[in-house]
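Engineer: This is the structure I want to talk about, given as structure tokens.
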Amino acid sequence: MTAMQFGVFSVGYLDQDPPSTGSVVREKETIQETLLLAQHAEEVGLDVFSFGEHHNPPFFSSSPPAVLAYLAAKTSRIQLTTSTTLITTNDPVKIAEDYALVQHLAEGRLDLMLGRGNTGPVYPWFGKDIRDGIPLAVENYGLLRRLWDEDVVDWEGRFRSPLQGFTSIPRPLDGVPPFVWHASIRSPEIAEQAAYYGDGFFANNIFWPAKHFQPLVSLYRQRYEHYGHGTAAQAIVGLGGHVFIRPRSQDAKAEFLPYFRNSSFGRGVSLESFTEQTPLTVGSPQEIIDRYAGMRDLFGDYHRQLFLLNLQGMSLKVSMEQLDALGEIVPVLRKELDRGRPGEVPDIPTHASRVASRDEQHHLSVAPAEVASR
Amino acid sequence: MTAPQAYGSTGDAVTRKLAVVSAGLGVPSSTRLLADRLVQASTDRLHVEGIAVEITVIELRDHAMAITGNLLNGFAGPELESAIESLTGADGAIVTTPIFTTSYSGLFKSFVDVIEPGALAGLAVLIGATGGTERHSLALDYAMRPLFTYHHAIVVPTSVYAATGDWGNAGGNGAAGLAERIGRAATELAALMRGSTRSNEVHDPFAIPAGFGPAGFSPTGPYSRP
């Protein structure tokens, strides 16, 4: 059993390696390299690989189910998830079917993280109105839940055509759907939604100060308890993170600077103030460990730590080296975050643990008299 | 930003918070000078009623890099954040800018752009501006006033424009002098600040809008676990 999972997340970004000649990395190479990095993440002992969804350049990540299905066949142990699946602009029926199928292909090594998206025009491109972002996330997830939890669904809502006698196929593996995380940067409604269903809540925890995300996580924890899923400390919390690692701190900073300068988030900003104010940490393994072992002081004991993979357009070689370094850091971080972790905080849910818990609840729900009469 | 200072009587006295924003760039700055005159006149009017005033001055020049950083990154650094909070949590504000190329300065607008929507709602605001000649004085009414109206702030009817010549002109020929206009605007601001409860209100930025339900619509009733 693992208390916490550590991994990397990719949003499928096409960029260039700034220290090189500046030629734009092409789709074919970047896609292949991302698949190699995911497999290497398993090789270095990471627990999770996560892949995002976008529908505009400079991304290539239009279809996480396709990428995760490929990786399911190429890997044997690593948990596969999304960062994120767009619950707003996708048809929830297609989400239910696609991810249930990948869950079977991955033999249960799949969960998913729902988000609303970060590029405004995606809404109109998919026939939706961005002002309906929250209502879409609420209605679509309500339907997704039912499609997974109920074999035959009658449904009607505002945003898609009604369903009569519909069965989403394939049915979830072992009758237990993939675990769901809800991700949000600023919307308390999404924290409330995650708490209501007893699902996980993920704070991306990059690019902004950690204190920006603390109230949302805290709200989710309180509401998780309110809805009766457990205590606030037991709520399932995931965090993002962003690091660049070299054996010597000054080498890390010098090497990362051109990537930072060329990135979508670092242009026109000082690396020093950005690393001071946001969770981005550039330095030696010990510096990374110190900063991230401190995250639970800010957010409480949590369940999943994902580090941003390669948004700066690093070469495959540099990205592989970063995974190697993470592979060495994670066991230390795991130990640090395990120390003093209260017994009441559950381990991260897995397919096996959720099947077991479902069976146990089913057993408990059978009245003693009924058991005796059998 | 200077540390808040309480002027006038203290103890059990009623206190109001006044934020002062000056977008003046020079040192010394006539824009800051105008702000100081407006502050003096406004606080005088509150003091005579026994109301103490806690003043926080925000010189935007000191936050210029942080404001740009906020535009780029989407978050304020610690000092800028504290400056913004002193404005959004005030009972009244005096805001002054130089007029550049027909309107408020770019730095001033950038500062207003990084303030969360709704954060200035109900705030009593006195607007002032400086410029080389009085020909640009309407910029206060066609640019500054709508900017704060958009933010649902309450802009006092008298806005104060100080052209360079105003600093050596007592008015006359039917026109009110600078001192007279400052006095009229200060009276209007003080009247609004007197009854303000803004600085004692607690805002929850994560409050969930009324009517929000976390469960999707379903004709078969609320979501329940199978």
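Residue names in the structure tokens use chain letters A, B, ... in the order shown, residue numbers from 1 in each chain, and ligand numbers from 1 in the order shown.
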Please extract the residues of stretch 111-247 of chain A with a backbone DSSP assignment of helix (DSSP H, G or I) and present them as a PyMOL selection string.
Structural biologist: chain A and resi 122-125+130-149+173-175+188-197+210-226+232-234
Engineer: Contacts from chain A to chain B, 10 Å maximum, only C-alpha atoms: show me the residue list as a ChimeraX atom specification.
Structural biologist: /A:134-146,149-150,153-158,186-197,207-209,212,215-216,219,264-270,273-274,276-278
Engineer: Taking the DSSP assignment computed from this structure's backbone, write out as JSON, numbers by chain all residues of stretch 91-247 of chain A that belong to strand (DSSP E).
Structural biologist: {"A": [112, 113, 114, 115, 153, 154, 155, 163, 164, 165, 166, 180, 181, 182, 183, 200, 201, 202, 203, 237, 238, 239, 240, 241, 243, 244, 245]}
Engineer: For C-alpha atoms, I'd like the residues from the last selection saved as a short mmCIF file (atom, residue, chain, number, x, y, z; two decimals), in the first residue's frame.
Structural biologist:
data_model
loop_
_atom_site.label_atom_id
_atom_site.label_comp_id
_atom_site.auth_asym_id
_atom_site.auth_seq_id
_atom_site.Cartn_x
_atom_site.Cartn_y
_atom_site.Cartn_z
CA LEU A 112 -8.96 11.22 -14.21
CA MET A 113 -8.82 14.83 -13.27
CA LEU A 114 -11.53 17.17 -14.49
CA GLY A 115 -10.93 20.81 -15.36
CA VAL A 153 -29.84 5.98 -17.46
CA ASP A 154 -32.80 8.25 -18.19
CA TRP A 155 -31.60 11.82 -18.12
CA LEU A 163 -31.10 10.22 -22.83
CA GLN A 164 -33.68 7.48 -22.53
CA GLY A 165 -32.69 3.95 -21.61
CA PHE A 166 -29.03 4.66 -22.34
CA VAL A 180 -12.10 11.35 -10.09
CA TRP A 181 -10.20 14.49 -9.10
CA HIS A 182 -11.63 17.95 -9.63
CA ALA A 183 -9.06 20.62 -10.39
CA GLY A 200 -10.41 14.20 -4.86
CA PHE A 201 -9.48 17.86 -5.18
CA PHE A 202 -6.36 18.94 -7.05
CA ALA A 203 -4.73 22.35 -6.71
CA VAL A 237 -5.91 16.24 -1.88
CA GLY A 238 -3.50 16.43 -4.81
CA LEU A 239 -0.97 19.16 -5.54
CA GLY A 240 1.05 20.22 -8.52
CA GLY A 241 4.63 21.35 -8.34
CA VAL A 243 11.11 21.90 -10.15
CA PHE A 244 14.41 21.92 -11.98
CA ILE A 245 17.12 19.82 -10.42
#
Engineer: In Å, how far is it from atom CA of A:His229 to atom CA of A:Pro342?
Structural biologist: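 Here the two named atoms are 17.4 Å from each other.
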Engineer: Considering only C-alpha atoms, state which residue in the set B:Leu46, B:Arg16, B:Ile67, B:Gly177 is at the smallest distance from B:Leu107.
Structural biologist: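 Distance minimum relative to B:Leu107 lands on B:Ile67.
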